[in-house]
file work.cif (mmCIF, C-alpha atoms)
data_data
#
loop_
_atom_site.group_PDB
_atom_site.id
_atom_site.type_symbol
_atom_site.label_atom_id
_atom_site.label_comp_id
_atom_site.auth_asym_id
_atom_site.auth_seq_id
_atom_site.Cartn_x
_atom_site.Cartn_y
_atom_site.Cartn_z
ATOM 1 C CA MET L 1 11.930 13.022 28.485
ATOM 2 C CA SER L 2 8.901 15.256 28.997
ATOM 3 C CA ALA L 3 8.621 15.503 25.206
ATOM 4 C CA MET L 4 8.422 11.695 25.075
ATOM 5 C CA ILE L 5 5.714 11.674 27.749
ATOM 6 C CA LEU L 6 3.755 14.107 25.605
ATOM 7 C CA LEU L 7 4.276 11.887 22.535
ATOM 8 C CA ALA L 8 3.055 8.808 24.397
ATOM 9 C CA PHE L 9 0.022 10.725 25.676
ATOM 10 C CA LEU L 10 -0.762 12.009 22.177
ATOM 11 C CA GLY L 11 -0.311 8.492 20.802
ATOM 12 C CA GLY L 12 -3.100 7.319 23.091
ATOM 13 C CA ALA L 13 -5.289 10.339 22.341
ATOM 14 C CA LEU L 14 -4.959 9.670 18.597
ATOM 15 C CA VAL L 15 -6.391 6.186 19.104
ATOM 16 C CA THR L 16 -9.518 7.802 20.562
ATOM 17 C CA LEU L 17 -9.588 10.438 17.802
ATOM 18 C CA SER L 18 -9.461 7.935 14.963
ATOM 19 C CA ARG L 19 -12.099 5.744 16.637
ATOM 20 C CA GLN L 20 -14.422 8.723 17.030
ATOM 21 C CA ILE L 21 -13.978 9.780 13.379
ATOM 22 C CA ASN L 22 -14.408 6.198 12.165
ATOM 23 C CA GLY L 23 -17.466 5.838 14.389
ATOM 24 C CA ARG L 24 -19.019 8.891 12.756
ATOM 25 C CA LEU L 25 -18.304 7.470 9.283
ATOM 26 C CA ALA L 26 -19.884 4.165 10.351
ATOM 27 C CA VAL L 27 -23.060 6.016 11.394
ATOM 28 C CA ASP L 28 -23.242 7.668 7.967
ATOM 29 C CA THR L 29 -22.221 4.581 5.959
ATOM 30 C CA SER L 30 -21.377 1.242 7.586
ATOM 31 C CA ALA L 31 -18.798 -0.181 9.976
ATOM 32 C CA LEU L 32 -17.096 -2.150 7.197
ATOM 33 C CA GLN L 33 -16.846 0.857 4.894
ATOM 34 C CA SER L 34 -15.443 2.862 7.781
ATOM 35 C CA SER L 35 -12.794 0.184 8.327
ATOM 36 C CA PHE L 36 -11.982 0.146 4.600
ATOM 37 C CA TRP L 37 -11.409 3.906 4.450
ATOM 38 C CA ASN L 38 -9.421 3.852 7.673
ATOM 39 C CA HIS L 39 -7.008 1.318 6.191
ATOM 40 C CA LEU L 40 -6.820 2.874 2.728
ATOM 41 C CA ILE L 41 -6.146 6.412 3.965
ATOM 42 C CA GLY L 42 -3.708 5.127 6.590
ATOM 43 C CA CYS L 43 -1.943 3.093 3.906
ATOM 44 C CA ALA L 44 -1.641 6.130 1.631
ATOM 45 C CA ALA L 45 -0.231 8.278 4.447
ATOM 46 C CA LEU L 46 2.286 5.601 5.468
ATOM 47 C CA ALA L 47 3.267 5.074 1.812
ATOM 48 C CA VAL L 48 4.174 8.769 1.601
ATOM 49 C CA VAL L 49 6.283 8.492 4.768
ATOM 50 C CA THR L 50 7.912 5.327 3.377
ATOM 51 C CA ILE L 51 8.821 7.126 0.148
ATOM 52 C CA LEU L 52 10.351 9.963 2.160
ATOM 53 C CA ALA L 53 12.247 7.453 4.307
ATOM 54 C CA GLY L 54 13.328 5.635 1.146
ATOM 55 C CA SER L 55 13.149 2.052 2.365
ATOM 56 C CA PHE L 56 10.454 0.031 0.632
ATOM 57 C CA TRP L 57 11.526 -3.521 1.291
ATOM 58 C CA PRO L 58 13.574 -3.964 4.498
ATOM 59 C CA ALA L 59 15.894 -6.969 4.544
ATOM 60 C CA GLY L 60 13.854 -9.041 6.997
ATOM 61 C CA ALA L 61 10.540 -8.767 5.126
ATOM 62 C CA ALA L 62 11.099 -11.850 2.984
ATOM 63 C CA THR L 63 11.836 -14.088 5.961
ATOM 64 C CA ALA L 64 9.056 -12.819 8.268
ATOM 65 C CA PRO L 65 6.695 -15.643 9.328
ATOM 66 C CA TRP L 66 3.112 -15.780 8.023
ATOM 67 C CA LEU L 67 1.881 -14.621 11.418
ATOM 68 C CA ALA L 68 3.523 -11.241 10.748
ATOM 69 C CA TRP L 69 1.340 -10.699 7.660
ATOM 70 C CA ILE L 70 -2.127 -11.269 9.098
ATOM 71 C CA GLY L 71 -2.273 -8.252 11.425
ATOM 72 C CA GLY L 72 -3.991 -6.167 8.742
ATOM 73 C CA ALA L 73 -6.786 -8.687 8.304
ATOM 74 C CA LEU L 74 -7.410 -8.695 12.053
ATOM 75 C CA GLY L 75 -7.274 -4.906 11.946
ATOM 76 C CA VAL L 76 -10.216 -4.802 9.535
ATOM 77 C CA ALA L 77 -12.418 -6.577 12.067
ATOM 78 C CA PHE L 78 -10.952 -4.539 14.921
ATOM 79 C CA VAL L 79 -11.667 -1.152 13.326
ATOM 80 C CA ALA L 80 -15.094 -2.208 12.041
ATOM 81 C CA SER L 81 -16.082 -3.388 15.503
ATOM 82 C CA GLY L 82 -14.755 -0.255 17.205
ATOM 83 C CA SER L 83 -16.668 1.914 14.706
ATOM 84 C CA TRP L 84 -19.822 -0.046 15.461
ATOM 85 C CA LEU L 85 -19.357 0.248 19.234
ATOM 86 C CA VAL L 86 -18.513 3.945 19.618
ATOM 87 C CA PRO L 87 -21.946 5.323 18.648
ATOM 88 C CA ARG L 88 -23.565 2.710 20.929
ATOM 89 C CA LEU L 89 -21.418 2.818 24.075
ATOM 90 C CA GLY L 90 -19.722 6.193 23.786
ATOM 91 C CA ALA L 91 -16.001 6.803 23.434
ATOM 92 C CA ALA L 92 -15.053 6.219 27.078
ATOM 93 C CA MET L 93 -16.869 2.921 27.631
ATOM 94 C CA THR L 94 -15.830 1.628 24.201
ATOM 95 C CA GLY L 95 -12.194 2.445 24.916
ATOM 96 C CA GLY L 96 -12.398 1.029 28.445
ATOM 97 C CA LEU L 97 -13.984 -2.261 27.419
ATOM 98 C CA LEU L 98 -11.585 -2.711 24.488
ATOM 99 C CA VAL L 99 -8.671 -2.202 26.882
ATOM 100 C CA ALA L 100 -10.320 -4.704 29.265
ATOM 101 C CA GLY L 101 -10.528 -7.331 26.520
ATOM 102 C CA GLN L 102 -7.005 -6.560 25.380
ATOM 103 C CA MET L 103 -5.570 -6.927 28.885
ATOM 104 C CA LEU L 104 -7.463 -10.127 29.771
ATOM 105 C CA SER L 105 -6.375 -11.788 26.516
ATOM 106 C CA GLY L 106 -2.878 -10.321 26.886
ATOM 107 C CA VAL L 107 -2.384 -12.006 30.265
ATOM 108 C CA LEU L 108 -3.678 -15.264 28.781
ATOM 109 C CA LEU L 109 -1.181 -14.954 25.925
ATOM 110 C CA ASP L 110 1.650 -14.179 28.368
ATOM 111 C CA LEU L 111 0.817 -17.278 30.400
ATOM 112 C CA VAL L 112 0.650 -19.466 27.273
ATOM 113 C CA ARG L 113 3.967 -18.143 25.983
ATOM 114 C CA GLY L 114 5.642 -18.296 29.385
ATOM 115 C CA GLN L 115 6.404 -14.566 29.307
ATOM 116 C CA ASP L 116 8.143 -13.276 32.436
ATOM 117 C CA ALA L 117 5.742 -11.238 34.550
ATOM 118 C CA ILE L 118 4.782 -10.821 38.193
ATOM 119 C CA LEU L 119 1.847 -13.173 38.688
ATOM 120 C CA TRP L 120 0.134 -11.543 41.677
ATOM 121 C CA MET L 121 0.008 -8.228 39.846
ATOM 122 C CA GLN L 122 -1.517 -9.903 36.820
ATOM 123 C CA LEU L 123 -4.134 -11.673 38.947
ATOM 124 C CA ALA L 124 -4.991 -8.486 40.833
ATOM 125 C CA GLY L 125 -5.241 -6.683 37.507
ATOM 126 C CA ILE L 126 -7.620 -9.299 36.154
ATOM 127 C CA ALA L 127 -9.794 -9.043 39.288
ATOM 128 C CA LEU L 128 -9.985 -5.252 38.957
ATOM 129 C CA ILE L 129 -10.812 -5.429 35.257
ATOM 130 C CA LEU L 130 -13.541 -8.027 35.766
ATOM 131 C CA THR L 131 -14.986 -5.775 38.487
ATOM 132 C CA GLY L 132 -14.981 -2.919 36.013
ATOM 133 C CA VAL L 133 -16.683 -5.000 33.333
ATOM 134 C CA VAL L 134 -19.420 -6.037 35.763
ATOM 135 C CA LEU L 135 -19.874 -2.403 36.822
ATOM 136 C CA SER L 136 -20.250 -1.333 33.199
ATOM 137 C CA ARG L 137 -23.557 -3.188 33.130
ATOM 138 C CA ARG L 138 -26.573 -1.555 34.724
ATOM 139 C CA MET A 1 -28.769 22.029 17.675
ATOM 140 C CA PRO A 2 -29.391 18.400 18.623
ATOM 141 C CA ASP A 3 -28.373 15.784 16.130
ATOM 142 C CA GLU A 4 -31.568 14.143 14.913
ATOM 143 C CA ARG A 5 -29.891 11.030 13.543
ATOM 144 C CA LEU A 6 -29.281 9.717 17.024
ATOM 145 C CA PRO A 7 -31.509 9.082 20.034
ATOM 146 C CA ALA A 8 -32.141 12.030 22.348
ATOM 147 C CA PRO A 9 -29.686 12.020 25.258
ATOM 148 C CA ASP A 10 -32.070 11.694 28.196
ATOM 149 C CA GLY A 11 -29.389 9.898 30.193
ATOM 150 C CA PRO A 12 -26.965 7.573 28.429
ATOM 151 C CA ALA A 13 -28.167 4.056 27.765
ATOM 152 C CA PRO A 14 -26.313 1.427 29.819
ATOM 153 C CA ALA A 15 -24.013 -0.993 28.043
ATOM 154 C CA ARG A 16 -25.794 -4.169 27.030
ATOM 155 C CA PRO A 17 -24.329 -7.684 27.376
ATOM 156 C CA LEU A 18 -23.993 -8.110 23.598
ATOM 157 C CA GLU A 19 -22.026 -4.894 23.246
ATOM 158 C CA ILE A 20 -19.864 -5.689 26.264
ATOM 159 C CA LEU A 21 -19.032 -9.126 24.881
ATOM 160 C CA ALA A 22 -18.342 -7.674 21.440
ATOM 161 C CA ALA A 23 -15.973 -5.112 22.952
ATOM 162 C CA LEU A 24 -14.138 -7.718 25.045
ATOM 163 C CA GLY A 25 -13.776 -10.020 22.035
ATOM 164 C CA THR A 26 -12.567 -7.115 19.917
ATOM 165 C CA GLY A 27 -9.971 -6.309 22.577
ATOM 166 C CA GLY A 28 -8.799 -9.921 22.264
ATOM 167 C CA LEU A 29 -8.493 -9.395 18.524
ATOM 168 C CA LEU A 30 -6.300 -6.384 19.275
ATOM 169 C CA THR A 31 -3.917 -8.562 21.298
ATOM 170 C CA LEU A 32 -3.495 -10.905 18.318
ATOM 171 C CA MET A 33 -3.148 -7.991 15.907
ATOM 172 C CA LEU A 34 -0.426 -6.401 18.034
ATOM 173 C CA LEU A 35 1.347 -9.770 18.280
ATOM 174 C CA SER A 36 1.323 -10.019 14.501
ATOM 175 C CA ASN A 37 2.352 -6.417 13.869
ATOM 176 C CA SER A 38 5.114 -6.484 16.459
ATOM 177 C CA THR A 39 6.446 -9.707 14.924
ATOM 178 C CA MET A 40 6.662 -7.892 11.588
ATOM 179 C CA ALA A 41 8.232 -4.854 13.261
ATOM 180 C CA ALA A 42 10.851 -7.093 14.886
ATOM 181 C CA HIS A 43 11.760 -8.570 11.480
ATOM 182 C CA THR A 44 11.680 -5.220 9.679
ATOM 183 C CA THR A 45 10.775 -1.738 11.010
ATOM 184 C CA PRO A 46 7.721 -0.288 12.793
ATOM 185 C CA LEU A 47 6.994 1.784 9.669
ATOM 186 C CA PHE A 48 7.088 -1.196 7.318
ATOM 187 C CA SER A 49 4.983 -3.227 9.758
ATOM 188 C CA SER A 50 2.299 -0.544 9.876
ATOM 189 C CA LEU A 51 2.406 0.001 6.106
ATOM 190 C CA THR A 52 1.907 -3.689 5.344
ATOM 191 C CA ALA A 53 -0.818 -4.009 8.003
ATOM 192 C CA HIS A 54 -2.714 -1.103 6.415
ATOM 193 C CA ALA A 55 -2.154 -2.414 2.876
ATOM 194 C CA VAL A 56 -3.293 -5.939 3.748
ATOM 195 C CA GLY A 57 -6.225 -4.439 5.660
ATOM 196 C CA SER A 58 -7.261 -2.316 2.660
ATOM 197 C CA ILE A 59 -7.279 -5.386 0.420
ATOM 198 C CA VAL A 60 -9.148 -7.561 2.922
ATOM 199 C CA ALA A 61 -11.762 -4.849 3.583
ATOM 200 C CA ALA A 62 -12.213 -4.258 -0.166
ATOM 201 C CA LEU A 63 -12.694 -7.995 -0.731
ATOM 202 C CA ALA A 64 -15.208 -8.161 2.120
ATOM 203 C CA LEU A 65 -17.146 -5.200 0.691
ATOM 204 C CA GLY A 66 -17.025 -6.818 -2.761
ATOM 205 C CA ALA A 67 -18.330 -10.126 -1.407
ATOM 206 C CA LEU A 68 -21.128 -8.292 0.397
ATOM 207 C CA TRP A 69 -21.984 -6.447 -2.819
ATOM 208 C CA LEU A 70 -22.212 -9.710 -4.807
ATOM 209 C CA ARG A 71 -24.364 -11.412 -2.186
ATOM 210 C CA ARG A 72 -26.697 -8.604 -1.152
ATOM 211 C CA GLY A 73 -26.378 -5.820 -3.692
ATOM 212 C CA ALA A 74 -24.855 -2.350 -3.685
ATOM 213 C CA SER A 75 -27.378 -0.822 -1.289
ATOM 214 C CA HIS A 76 -26.429 -3.285 1.439
ATOM 215 C CA ALA A 77 -22.714 -3.236 0.735
ATOM 216 C CA LEU A 78 -22.367 0.529 0.416
ATOM 217 C CA PRO A 79 -25.182 2.197 2.359
ATOM 218 C CA ARG A 80 -25.049 5.970 2.656
ATOM 219 C CA ARG A 81 -27.414 7.532 5.143
ATOM 220 C CA ASN A 82 -26.383 11.139 4.962
ATOM 221 C CA ARG A 83 -24.077 13.544 3.270
ATOM 222 C CA VAL A 84 -20.749 12.449 4.640
ATOM 223 C CA PRO A 85 -18.275 15.218 5.541
ATOM 224 C CA VAL A 86 -14.835 14.736 3.974
ATOM 225 C CA TRP A 87 -13.053 14.665 7.348
ATOM 226 C CA ALA A 88 -15.052 11.578 8.336
ATOM 227 C CA TYR A 89 -12.950 9.619 5.822
ATOM 228 C CA LEU A 90 -9.679 10.661 7.447
ATOM 229 C CA GLY A 91 -9.683 8.549 10.622
ATOM 230 C CA GLY A 92 -6.850 6.511 9.128
ATOM 231 C CA LEU A 93 -4.529 9.525 9.225
ATOM 232 C CA SER A 94 -4.476 9.651 12.993
ATOM 233 C CA GLY A 95 -4.106 5.867 13.103
ATOM 234 C CA ALA A 96 -1.024 6.120 10.907
ATOM 235 C CA LEU A 97 0.387 8.940 13.020
ATOM 236 C CA THR A 98 -0.065 6.868 16.186
ATOM 237 C CA VAL A 99 2.539 4.390 14.941
ATOM 238 C CA MET A 100 5.129 7.120 14.487
ATOM 239 C CA LEU A 101 4.581 8.638 17.929
ATOM 240 C CA THR A 102 4.460 5.412 19.912
ATOM 241 C CA SER A 103 7.439 3.800 18.217
ATOM 242 C CA ALA A 104 9.441 6.934 19.008
ATOM 243 C CA SER A 105 8.485 6.982 22.681
ATOM 244 C CA ALA A 106 8.753 3.187 23.126
ATOM 245 C CA ASN A 107 12.394 3.474 22.025
ATOM 246 C CA SER A 108 13.067 6.276 24.528
ATOM 247 C CA ALA A 109 13.618 6.113 28.279
ATOM 248 C CA LEU A 110 9.869 5.636 28.682
ATOM 249 C CA ALA A 111 10.160 2.162 27.126
ATOM 250 C CA LEU A 112 7.140 0.126 26.160
ATOM 251 C CA THR A 113 5.692 0.024 29.684
ATOM 252 C CA GLY A 114 5.675 3.797 30.082
ATOM 253 C CA THR A 115 4.371 4.323 26.558
ATOM 254 C CA LEU A 116 1.467 1.940 27.170
ATOM 255 C CA ALA A 117 0.584 3.381 30.567
ATOM 256 C CA ILE A 118 0.691 7.016 29.466
ATOM 257 C CA GLY A 119 -1.046 6.170 26.196
ATOM 258 C CA LEU A 120 -3.872 4.659 28.209
ATOM 259 C CA ALA A 121 -4.276 7.978 30.030
ATOM 260 C CA GLY A 122 -4.317 9.900 26.739
ATOM 261 C CA GLN A 123 -6.922 7.555 25.346
ATOM 262 C CA VAL A 124 -9.303 7.827 28.289
ATOM 263 C CA VAL A 125 -8.971 11.563 28.896
ATOM 264 C CA LEU A 126 -9.795 12.438 25.291
ATOM 265 C CA ALA A 127 -12.610 9.866 25.213
ATOM 266 C CA LEU A 128 -14.288 11.481 28.239
ATOM 267 C CA ILE A 129 -13.947 14.906 26.625
ATOM 268 C CA PHE A 130 -15.396 13.589 23.354
ATOM 269 C CA ASP A 131 -18.367 12.038 25.189
ATOM 270 C CA LEU A 132 -19.093 15.269 27.059
ATOM 271 C CA LEU A 133 -18.888 17.323 23.855
ATOM 272 C CA GLY A 134 -20.578 14.846 21.534
ATOM 273 C CA ALA A 135 -17.534 15.234 19.277
ATOM 274 C CA MET A 136 -17.723 14.479 15.528
ATOM 275 C CA GLY A 137 -21.509 14.602 15.602
ATOM 276 C CA LEU A 138 -21.887 11.553 17.821
ATOM 277 C CA GLU A 139 -24.253 11.502 20.784
ATOM 278 C CA ARG A 140 -23.319 13.782 23.675
ATOM 279 C CA ARG A 141 -23.269 11.881 26.955
ATOM 280 C CA ARG A 142 -22.332 12.540 30.546
ATOM 281 C CA PRO A 143 -20.916 9.333 32.031
ATOM 282 C CA ARG A 144 -22.858 7.847 34.923
ATOM 283 C CA ARG A 145 -21.049 7.548 38.257
ATOM 284 C CA ARG A 146 -21.090 3.794 37.736
ATOM 285 C CA ASP A 147 -19.448 4.131 34.316
ATOM 286 C CA LEU A 148 -16.666 6.197 35.844
ATOM 287 C CA MET A 149 -16.127 3.586 38.551
ATOM 288 C CA ALA A 150 -16.034 0.885 35.887
ATOM 289 C CA LEU A 151 -13.455 2.859 33.899
ATOM 290 C CA LEU A 152 -11.368 3.500 36.992
ATOM 291 C CA ALA A 153 -11.309 -0.205 37.884
ATOM 292 C CA ILE A 154 -10.405 -1.206 34.319
ATOM 293 C CA ILE A 155 -7.608 1.365 34.069
ATOM 294 C CA ALA A 156 -6.180 0.424 37.475
ATOM 295 C CA GLY A 157 -6.260 -3.240 36.460
ATOM 296 C CA ALA A 158 -4.659 -2.481 33.106
ATOM 297 C CA LEU A 159 -1.865 -0.488 34.767
ATOM 298 C CA LEU A 160 -1.149 -3.381 37.140
ATOM 299 C CA ILE A 161 -0.949 -5.800 34.209
ATOM 300 C CA ILE A 162 1.303 -3.485 32.186
ATOM 301 C CA LEU A 163 3.567 -3.012 35.216
ATOM 302 C CA ALA A 164 3.553 -6.749 35.981
ATOM 303 C CA ARG A 165 5.256 -7.316 32.651
ATOM 304 C CA GLY A 166 7.515 -4.259 32.790
ATOM 305 C CA SER A 167 8.856 -5.018 36.273
ATOM 306 C CA ALA A 168 9.728 -8.623 35.510
ATOM 307 C CA ALA A 169 11.529 -7.920 32.242
#

call {"tool": "encode", "arguments": {"input": "work.cif", "output": "structure tokens"}}
result
Amino acid sequence: MSAMILLAFLGGALVTLSRQINGRLAVDTSALQSSFWNHLIGCAALAVVTILAGSFWPAGAATAPWLAWIGGALGVAFVASGSWLVPRLGAAMTGGLLVAGQMLSGVLLDLVRGQDAILWMQLAGIALILTGVVLSRR
Amino acid sequence: MPDERLPAPDGPAPARPLEILAALGTGGLLTLMLLSNSTMAAHTTPLFSSLTAHAVGSIVAALALGALWLRRGASHALPRRNRVPVWAYLGGLSGALTVMLTSASANSALALTGTLAIGLAGQVVLALIFDLLGAMGLERRRPRRRDLMALLAIIAGALLIILARGSAA
């Protein structure tokens, strides 16, 4: 269990690490190039793992809906934007505001899809996040 | 030695409305991206989902760079301001590793809720350290008290929202 807690913590830390590295590359080149290299190198690494795992085309791939295929395209914009923001806002504020946007839109998506969740906690969470966003301005 | 590519750190500049809006919108993009990637993972495996996302992303980014090159020339499409250290190209490695770690812990007793909550902590703690150190040659900055309060409010809100979903499921 404590090993899993460490894994989850490291998983989060790696998000910050890759954003910082990509942010540096964006300063030296451009945000779009940074996003390109992020995806290409990540793809190469995952291809190696896939070869080791030995499963190139899982059964469900052919029947996955189109929605399942567009994540990578959204990822290009996501990484480019993060790389652009980090040198401007710093790692902490960039991470915080991205999480804020993710959570606000996540609650919206939950409501639209009728996902089970405790409403008062969601509303309190939104209020806290909006407070944080306002505070992040001077 | 101070890094001369970036403005001198005489107190960090406050976040501007444009950057705040960009970050919030980008966070919204992340929600859609995770929806897409988790749909693929549900049909196949987390590994295949991440592999295809990175492959599609590589192609889309290459096409975007190519389009930029055709419209505005190589110097706009592929600017290079400095000698770029090799490690700066390797951000994708840690992104790829993230998938492995989080899909392992999300399938453990921690579940998705615990993985998200603890991951949030890992993200913020390292980000504060990076800011204080000016890691990877980016600007060194000590967060203002107000920034820390903003972060605290956002994290508390995010935890409530993560728990709101986890407790109902």

call {"tool": "residues_around", "arguments": {"input": "work.cif", "residues": "segment 113-120 of chain A", "least_positions_apart": "4", "cutoff": "7 Å", "atoms": "all atoms listed in the file", "output": "list of chain:residue names"}}
result
L:Ala8, L:Phe9, L:Gly11, L:Gly12, A:Thr102, A:Ser105, A:Ala106, A:Val124, A:Leu159, A:Ile162, A:Leu163, A:Gly166

call {"tool": "interface_residues", "arguments": {"input": "work.cif", "of": "chain L", "to": "chain A", "cutoff": "6 Å", "atoms": "all atoms listed in the file", "output": "MDAnalysis selection string"}}
result
chainID L and resid 4 7:9 11:14 16 18 21:22 25 28:29 36 38:43 46 58 60:61 64 67:68 71:74 76 78 91:92 96:98 101:102 105:106 116:118 121:122 125 128:129 132 135:138

call {"tool": "write_last_selection", "arguments": {"input": "work.cif", "atoms": "C-alpha atoms", "output": "tab-separated table (two decimals), in the coordinates of the input"}}
result
chain	number	residue	atom	x	y	z
L	4	MET	CA	8.42	11.70	25.08
L	7	LEU	CA	4.28	11.89	22.54
L	8	ALA	CA	3.06	8.81	24.40
L	9	PHE	CA	0.02	10.72	25.68
L	11	GLY	CA	-0.31	8.49	20.80
L	12	GLY	CA	-3.10	7.32	23.09
L	13	ALA	CA	-5.29	10.34	22.34
L	14	LEU	CA	-4.96	9.67	18.60
L	16	THR	CA	-9.52	7.80	20.56
L	18	SER	CA	-9.46	7.94	14.96
L	21	ILE	CA	-13.98	9.78	13.38
L	22	ASN	CA	-14.41	6.20	12.16
L	25	LEU	CA	-18.30	7.47	9.28
L	28	ASP	CA	-23.24	7.67	7.97
L	29	THR	CA	-22.22	4.58	5.96
L	36	PHE	CA	-11.98	0.15	4.60
L	38	ASN	CA	-9.42	3.85	7.67
L	39	HIS	CA	-7.01	1.32	6.19
L	40	LEU	CA	-6.82	2.87	2.73
L	41	ILE	CA	-6.15	6.41	3.96
L	42	GLY	CA	-3.71	5.13	6.59
L	43	CYS	CA	-1.94	3.09	3.91
L	46	LEU	CA	2.29	5.60	5.47
L	58	PRO	CA	13.57	-3.96	4.50
L	60	GLY	CA	13.85	-9.04	7.00
L	61	ALA	CA	10.54	-8.77	5.13
L	64	ALA	CA	9.06	-12.82	8.27
L	67	LEU	CA	1.88	-14.62	11.42
L	68	ALA	CA	3.52	-11.24	10.75
L	71	GLY	CA	-2.27	-8.25	11.42
L	72	GLY	CA	-3.99	-6.17	8.74
L	73	ALA	CA	-6.79	-8.69	8.30
L	74	LEU	CA	-7.41	-8.70	12.05
L	76	VAL	CA	-10.22	-4.80	9.54
L	78	PHE	CA	-10.95	-4.54	14.92
L	91	ALA	CA	-16.00	6.80	23.43
L	92	ALA	CA	-15.05	6.22	27.08
L	96	GLY	CA	-12.40	1.03	28.44
L	97	LEU	CA	-13.98	-2.26	27.42
L	98	LEU	CA	-11.58	-2.71	24.49
L	101	GLY	CA	-10.53	-7.33	26.52
L	102	GLN	CA	-7.00	-6.56	25.38
L	105	SER	CA	-6.38	-11.79	26.52
L	106	GLY	CA	-2.88	-10.32	26.89
L	116	ASP	CA	8.14	-13.28	32.44
L	117	ALA	CA	5.74	-11.24	34.55
L	118	ILE	CA	4.78	-10.82	38.19
L	121	MET	CA	0.01	-8.23	39.85
L	122	GLN	CA	-1.52	-9.90	36.82
L	125	GLY	CA	-5.24	-6.68	37.51
L	128	LEU	CA	-9.98	-5.25	38.96
L	129	ILE	CA	-10.81	-5.43	35.26
L	132	GLY	CA	-14.98	-2.92	36.01
L	135	LEU	CA	-19.87	-2.40	36.82
L	136	SER	CA	-20.25	-1.33	33.20
L	137	ARG	CA	-23.56	-3.19	33.13
L	138	ARG	CA	-26.57	-1.56	34.72

call {"tool": "closest_residue", "arguments": {"input": "work.cif", "among": "L:Leu6, L:Leu32, L:Leu17, L:Ala124", "to": "Ala67 of chain A", "atoms": "only C-alpha atoms"}}
result
L:Leu32

call {"tool": "atom_distance", "arguments": {"input": "work.cif", "atom1": "atom CA of Met93 of chain L", "atom2": "atom CA of Asp110 of chain L"}}
result
25.2 Å

call {"tool": "atom_distance", "arguments": {"input": "work.cif", "atom1": "atom CA of Leu123 of chain L", "atom2": "atom CA of Val107 of chain L"}}
result
8.9 Å

call {"tool": "atom_distance", "arguments": {"input": "work.cif", "atom1": "atom CA of Gly75 of chain L", "atom2": "atom CA of Arg19 of chain L"}}
result
12.6 Å
